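Written out below as structure tokens is the structure these notes cover.
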Amino acid sequence: MQPHQSTPPTLSAEQFFEMVETLLTPPMAALGYHRIHGSVNDQPGSRSILGARGSSPGGTQREDAPFLWFEFGYEAGSDDVARLVGPTDPQSQDEWWVNYEPATGRLELGDWAPVAADHVDWDIRRDHGPCSVSEVHRRLAAVAQAVSVFVQRHGGYP
């Protein structure tokens with residue numbers, strides 16, 4: 001009998017990108033943002049605040065897991081779209097990214113704050129998890145719903 005390891009379930013890059021594509025791309029397209037791409041970042045130096053070793057959702061070090069950071073981005077289709085979501089600083093709304101670190105369950109959705117912050121039940125700017133697989137899905141779905149509501153209220157993208 002093998003000892004039980006308390007490794008949290010995580011998403012593979014393919015699963016994560018599929019989830020983002022399925023949940024976020026339709027409302028983002030309705031808002032006027034175009035899918036940039038999904039990528040796997042395996043360079044720990046690019047995320048200096050995290051370092052190469054992350055913490056598991058239980059708070060313990062995960063020395064057995066290599067650094068991985070999944071990134072998926074969207075770009076505003078026009079200056080009018082960026083102005084719609086960020087009237088006081090449209091340049092800051094040019095690109096929106098969702099980032100996920102599978103070793104820790106960390107999920108960053110802060111870029112969506114202009115349209116989703118008042119419509120989700122967590123602090124979208126500061127609460128990055130850790131998130132279980134089901135929590136990643138729930139949060140992405142909540143952000144997608146908030147984007148859809150924003151689009152409906154503003155009649156689509158300019």
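Naming scheme: A, B, ... for chains in displayed order of the structure tokens; residues 1 onward per chain; ligands 1 onward as shown.
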Can you check which residues of stretch 12-122 of chain A DSSP gives as alpha helix (DSSP H) on the backbone and send them as a count of residues only?
30
Selection near A:Leu68, 8 Å with only C-alpha atoms, sequence-local residues under 6 positions removed, as a PDB file with N, CA and C atoms, in the first residue's frame:
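Everything below was put into selection_34.pdb:
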ATOM      1  N   VAL A  40       2.242  28.494 -21.614  1.00  0.00           N
ATOM      2  CA  VAL A  40       2.774  27.894 -20.394  1.00  0.00           C
ATOM      3  C   VAL A  40       4.114  28.550 -20.113  1.00  0.00           C
ATOM      4  N   ASN A  41       4.212  29.180 -18.972  1.00  0.00           N
ATOM      5  CA  ASN A  41       5.452  29.826 -18.552  1.00  0.00           C
ATOM      6  C   ASN A  41       6.119  28.882 -17.553  1.00  0.00           C
ATOM      7  N   ASP A  42       7.328  28.446 -17.865  1.00  0.00           N
ATOM      8  CA  ASP A  42       8.060  27.564 -16.952  1.00  0.00           C
ATOM      9  C   ASP A  42       9.357  28.209 -16.464  1.00  0.00           C
ATOM     10  N   GLN A  43       9.404  29.542 -16.498  1.00  0.00           N
ATOM     11  CA  GLN A  43      10.582  30.296 -16.071  1.00  0.00           C
ATOM     12  C   GLN A  43      10.294  30.992 -14.742  1.00  0.00           C
ATOM     13  N   PRO A  44      10.711  30.417 -13.620  1.00  0.00           N
ATOM     14  CA  PRO A  44      10.385  30.985 -12.311  1.00  0.00           C
ATOM     15  C   PRO A  44      10.847  32.430 -12.145  1.00  0.00           C
ATOM     16  N   GLU A 101      -1.467  29.163 -11.476  1.00  0.00           N
ATOM     17  CA  GLU A 101      -0.306  28.366 -11.099  1.00  0.00           C
ATOM     18  C   GLU A 101      -0.822  27.054 -10.514  1.00  0.00           C
ATOM     19  N   PRO A 102      -0.709  25.957 -11.259  1.00  0.00           N
ATOM     20  CA  PRO A 102      -1.307  24.701 -10.798  1.00  0.00           C
ATOM     21  C   PRO A 102      -0.720  24.163  -9.506  1.00  0.00           C
ATOM     22  N   ALA A 103       0.552  24.395  -9.221  1.00  0.00           N
ATOM     23  CA  ALA A 103       1.160  23.841  -8.003  1.00  0.00           C
ATOM     24  C   ALA A 103       0.572  24.447  -6.741  1.00  0.00           C
TER      25      ALA A 103
END
d(atom CA of A:Glu95, atom CA of A:His137) in Å:
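Interatomic distance here is 21.5 Å.
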I need the residues of chain A that end up classed as strand (DSSP E) by DSSP on the backbone, written out as a ChimeraX atom specification.
/A:33-41,54-55,61-62,69-76,95-101,106-108
Residue with smallest distance to A:Leu140 - pool A:Trp122, A:Val20, A:Ser39, A:Pro27, counting only C-alpha atoms:
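Result for the nearest residue to A:Leu140: A:Val20.
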What is the atom CA of A:Ala146 to atom CA of A:Met28 distance in Å?
10.5 Å
Quick one, how far is atom CA of A:Gly110 from atom CA of A:Arg125?
4.4 Å
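Distances to A:Val115 were evaluated for A:Asn99, A:Gln145, A:Thr22, A:Thr88 using only C-alpha atoms, and the minimum falls at A:Gln145.
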Between A:Leu84, A:Gly105, A:Asp118, A:Ser78, which one has atoms that come closest to A:Ser134, using only C-alpha atoms?
A:Gly105
Proximity to A:Val136 - best of A:Glu108, A:Asp79, A:Asp121, A:Asp89, only C-alpha atoms:
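Under the stated criterion, the closest residue is A:Glu108.
In this comparison, which uses only C-alpha atoms, the residue of A:Phe16, A:Trp112, A:Phe67, A:Tyr33 approaching A:Tyr100 most closely is A:Phe16.
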